[in-house]
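Structure below is structure_13.txt: compact mmCIF, C-alpha atoms.
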```txt
# COMPACT_ATOMS: atom_id res chain seq x y z
CA MET A 20 13.32 10.03 2.17
CA GLU A 21 11.82 9.72 -1.32
CA THR A 22 13.98 9.38 -4.44
CA CYS A 23 13.51 9.50 -8.19
CA ILE A 24 15.69 9.57 -11.29
CA ILE A 25 14.87 11.78 -14.27
CA ASN A 26 16.57 12.27 -17.61
CA THR A 27 18.03 15.69 -18.39
CA PRO A 28 20.20 17.00 -21.25
CA LEU A 29 23.20 16.62 -18.90
CA GLY A 30 22.52 13.05 -17.82
CA CYS A 31 20.49 11.08 -15.35
CA THR A 32 19.55 13.26 -12.40
CA LYS A 33 18.69 11.98 -8.94
CA ILE A 34 16.26 13.96 -6.77
CA THR A 35 15.74 13.21 -3.06
CA GLY A 36 13.47 14.83 -0.55
CA ASN A 37 10.45 14.52 1.69
CA LYS A 38 7.62 16.66 3.06
CA HIS A 39 10.24 19.03 4.52
CA GLY A 40 11.61 19.83 1.05
CA VAL A 41 14.12 18.82 -1.58
CA SER A 42 17.34 17.69 0.09
CA SER A 43 19.45 16.87 -2.96
CA VAL A 44 19.56 17.06 -6.73
CA SER A 45 22.61 15.49 -8.34
CA VAL A 46 23.69 14.50 -11.80
CA LEU A 47 24.89 10.92 -12.09
CA ASN A 48 27.89 9.92 -14.17
CA GLU A 49 26.35 6.61 -15.15
CA ASN A 50 23.16 5.63 -16.89
CA VAL A 51 20.57 4.26 -14.52
CA THR A 52 16.91 3.37 -14.82
CA ILE A 53 14.66 6.40 -15.10
CA SER A 54 11.84 6.43 -12.55
CA LYS A 55 8.44 5.56 -13.96
CA ASP A 56 6.63 6.74 -10.85
CA ILE A 57 7.61 10.05 -9.29
CA PRO A 58 6.82 10.45 -5.58
CA ILE A 59 4.28 13.22 -5.07
CA VAL A 60 6.69 15.21 -2.85
CA LEU A 61 9.21 15.32 -5.75
CA GLU A 62 6.79 15.95 -8.62
CA ASP A 63 7.08 19.75 -8.49
CA CYS A 64 10.88 19.58 -8.42
CA LYS A 65 10.92 17.25 -11.43
CA ASN A 66 8.55 19.54 -13.35
CA GLN A 67 10.50 22.71 -12.55
CA LEU A 68 13.81 21.10 -13.56
CA LEU A 69 12.34 19.97 -16.87
CA GLU A 70 10.96 23.49 -17.44
CA TYR A 71 14.42 24.91 -16.71
CA PHE A 72 16.01 22.61 -19.28
CA ALA A 73 13.26 23.42 -21.80
CA GLY A 74 14.14 27.10 -21.39
CA THR A 75 10.77 28.12 -19.93
CA ARG A 76 11.85 28.54 -16.28
CA LYS A 77 14.46 30.98 -15.00
CA GLN A 78 13.68 30.83 -11.29
CA PHE A 79 12.80 27.92 -9.01
CA ASN A 80 10.01 28.02 -6.48
CA LEU A 81 10.58 24.97 -4.31
CA LYS A 82 10.80 24.14 -0.64
CA LEU A 83 14.46 23.24 -0.06
CA ASN A 84 15.95 21.28 2.81
CA PRO A 85 19.71 20.97 2.20
CA GLN A 86 21.78 19.47 4.97
CA GLY A 87 24.95 21.32 5.91
CA THR A 88 26.65 23.57 8.41
CA ASP A 89 25.34 27.05 9.18
CA PHE A 90 28.21 28.53 7.14
CA GLN A 91 27.46 26.28 4.16
CA LYS A 92 23.79 27.23 4.33
CA SER A 93 24.70 30.93 4.39
CA VAL A 94 26.77 30.45 1.21
CA TRP A 95 23.98 28.41 -0.43
CA ASN A 96 21.49 31.17 0.43
CA LEU A 97 23.73 33.71 -1.31
CA LEU A 98 24.03 31.44 -4.35
CA GLN A 99 20.26 31.48 -4.72
CA GLN A 100 20.40 35.26 -5.07
CA ILE A 101 22.57 35.13 -8.21
CA PRO A 102 20.14 35.89 -11.04
CA PHE A 103 19.62 33.61 -14.02
CA GLY A 104 22.16 34.44 -16.74
CA LYS A 105 24.54 36.18 -14.32
CA THR A 106 27.75 35.03 -12.64
CA LEU A 107 29.64 35.98 -9.50
CA SER A 108 33.19 35.25 -8.39
CA TYR A 109 34.21 33.44 -5.21
CA LEU A 110 35.81 36.72 -4.11
CA GLU A 111 32.54 38.62 -4.59
CA LEU A 112 30.69 35.97 -2.58
CA SER A 113 33.27 36.31 0.21
CA LYS A 114 32.76 40.07 0.24
CA GLN A 115 28.98 39.61 0.47
CA LEU A 116 29.52 37.38 3.51
CA GLY A 117 31.61 40.17 5.03
CA ASP A 118 34.95 38.35 5.07
CA ILE A 119 37.22 38.67 2.06
CA LYS A 120 39.56 36.09 3.63
CA ALA A 121 36.81 33.45 3.57
CA ILE A 122 37.31 32.82 -0.15
CA ARG A 123 38.55 29.22 0.31
CA ALA A 124 35.78 28.41 2.78
CA VAL A 125 33.25 29.87 0.34
CA ALA A 126 34.68 27.76 -2.49
CA ASN A 127 34.54 24.67 -0.27
CA ALA A 128 30.91 25.35 0.73
CA ASN A 129 30.09 25.90 -2.93
CA SER A 130 31.57 22.50 -3.79
CA LYS A 131 29.43 20.82 -1.11
CA ASN A 132 26.16 22.20 -2.50
CA PRO A 133 23.75 19.23 -2.48
CA ILE A 134 21.07 20.77 -4.70
CA TRP A 135 22.45 20.99 -8.25
CA ILE A 136 21.08 23.76 -10.51
CA ILE A 137 18.37 24.92 -8.07
CA ILE A 138 21.07 26.29 -5.76
CA PRO A 139 23.08 27.63 -8.71
CA CYS A 140 26.70 26.97 -7.77
CA HIS A 141 27.43 26.77 -11.52
CA ARG A 142 27.07 30.57 -11.61
CA VAL A 143 30.24 31.04 -9.56
CA ILE A 144 33.41 31.61 -11.58
CA GLY A 145 37.00 32.63 -10.96
CA SER A 146 37.83 36.31 -10.36
CA ASP A 147 39.47 36.37 -13.80
CA GLY A 148 36.25 35.14 -15.43
CA SER A 149 37.50 31.58 -15.91
CA LEU A 150 35.50 28.45 -15.30
CA THR A 151 36.71 26.83 -12.13
CA GLY A 152 36.04 23.49 -10.47
CA TYR A 153 32.56 22.06 -10.61
CA ALA A 154 31.47 18.82 -8.97
CA GLY A 155 29.33 17.93 -12.00
CA GLY A 156 32.26 18.45 -14.37
CA LEU A 157 33.38 21.60 -16.17
CA HIS A 158 31.62 20.51 -19.38
CA ARG A 159 28.30 20.61 -17.51
CA LYS A 160 29.09 23.98 -15.93
CA LYS A 161 29.89 25.39 -19.37
CA TRP A 162 26.64 23.95 -20.76
CA LEU A 163 24.57 25.43 -17.91
CA LEU A 164 26.11 28.90 -18.27
CA GLU A 165 25.59 28.84 -22.03
CA HIS A 166 22.00 27.62 -21.51
CA GLU A 167 21.41 30.68 -19.31
CA ASN A 168 23.26 33.07 -21.62
CA PRO A 169 20.81 35.71 -22.91
CA ASN A 170 23.07 36.16 -25.97
CA LYS A 171 22.68 32.59 -27.20
CA GLN A 172 24.43 33.29 -30.50
CA GLN A 173 27.78 33.69 -28.78
CA SER A 174 29.45 31.46 -26.22
CA LEU A 175 30.55 32.88 -22.89
CA PHE A 176 33.53 30.50 -22.79
```

Would you mind writing the file out in structure tokens?
Amino acid sequence: METCIINTPLGCTKITGNKHGVSSVSVLNENVTISKDIPIVLEDCKNQLLEYFAGTRKQFNLKLNPQGTDFQKSVWNLLQQIPFGKTLSYLELSKQLGDIKAIRAVANANSKNPIWIIIPCHRVIGSDGSLTGYAGGLHRKKWLLEHENPNKQQSLF
């Protein structure tokens, strides 16, 4: 498994993966040394993330290889279908999976998403429109949603 650390507006970001795809992207809560050399298998991921933060990329085109249960992967696949600048509630995700009672399981799978931003779990909000838990911190979720807001002059939250 290859690893690199890049700098983003939300902090140091760790990318891991291999020839089978990106397996994790996570924001770190501490400052660490930024990678000088990026492994070739992670170069495209690094570039696409930097384009996203620069505002020139709205969709990722990467080979992903997240590790999880079949249910988690089904939730993560649905997350990837939420368009840039849009949000969905946990309840709506549960309905898309065909089981309205799976809302807690959906929320749990969302929280276990190993590929930050690229699998956009930040686009999932409460049914009442509120920001809800986010492994990277609610301040980062708010930043990401505002970054994707087509009406930049006004805040969503």

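Using only C-alpha atoms, the nearest neighbour of Asn66 in chain A within the list A:Pro169, A:Leu29, A:Arg142, A:Phe79 is A:Phe79.
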
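Between Lys82 in chain A and the candidates A:His39, A:His166, A:Lys33, A:His158, the tightest atom-to-atom separation, counting only C-alpha atoms, involves A:His39.
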
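The space between CA of Leu47 in chain A and CA of Cys23 in chain A spans 12.1 Å.
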
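Residues in contact range of Thr35 in chain A, defined as at most 6 Å between all atoms listed in the file, with sequence neighbours fewer than 3 positions away removed, read Glu21, Thr22, Ser42 and Ser43 of chain A.
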
Using only C-alpha atoms, which residues sit within 12 Å of range 105-113 of chain A once same-chain residues fewer than 2 positions away are excluded, as a ChimeraX atom specification? /A:77,90,93-103,115-130,139-152,160-161,163-170,175

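Proximity of A:Ile137, A:Cys31, A:Met20, A:Leu69 to Leu83 in chain A, computed with all atoms listed in the file, is greatest for A:Ile137.
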
Contacts of Thr32 in chain A at 12 Å or less, counting all atoms listed in the file, minus same-chain residues fewer than 2 places along, as a PyMOL selection string? chain A and resi 22-30+34-35+43-54+64-65+68-69+134-136+155

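Closest approach to Thr88 in chain A among A:Gly36, A:Lys131, A:Tyr153, A:Tyr71 is made by A:Lys131 (distances from only C-alpha atoms).
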
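Picture a line from CA of Arg76 in chain A to CA of Ile59 in chain A; it runs 20.4 Å.
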
I'd like the interatomic distance between CA of Gly40 in chain A and CA of Lys114 in chain A, to a tenth of an Å. 29.3 Å

Best match for closeness to Pro58 in chain A among A:Gln91, A:Asn37, A:Gln86, A:Asn132, counting only C-alpha atoms: A:Asn37
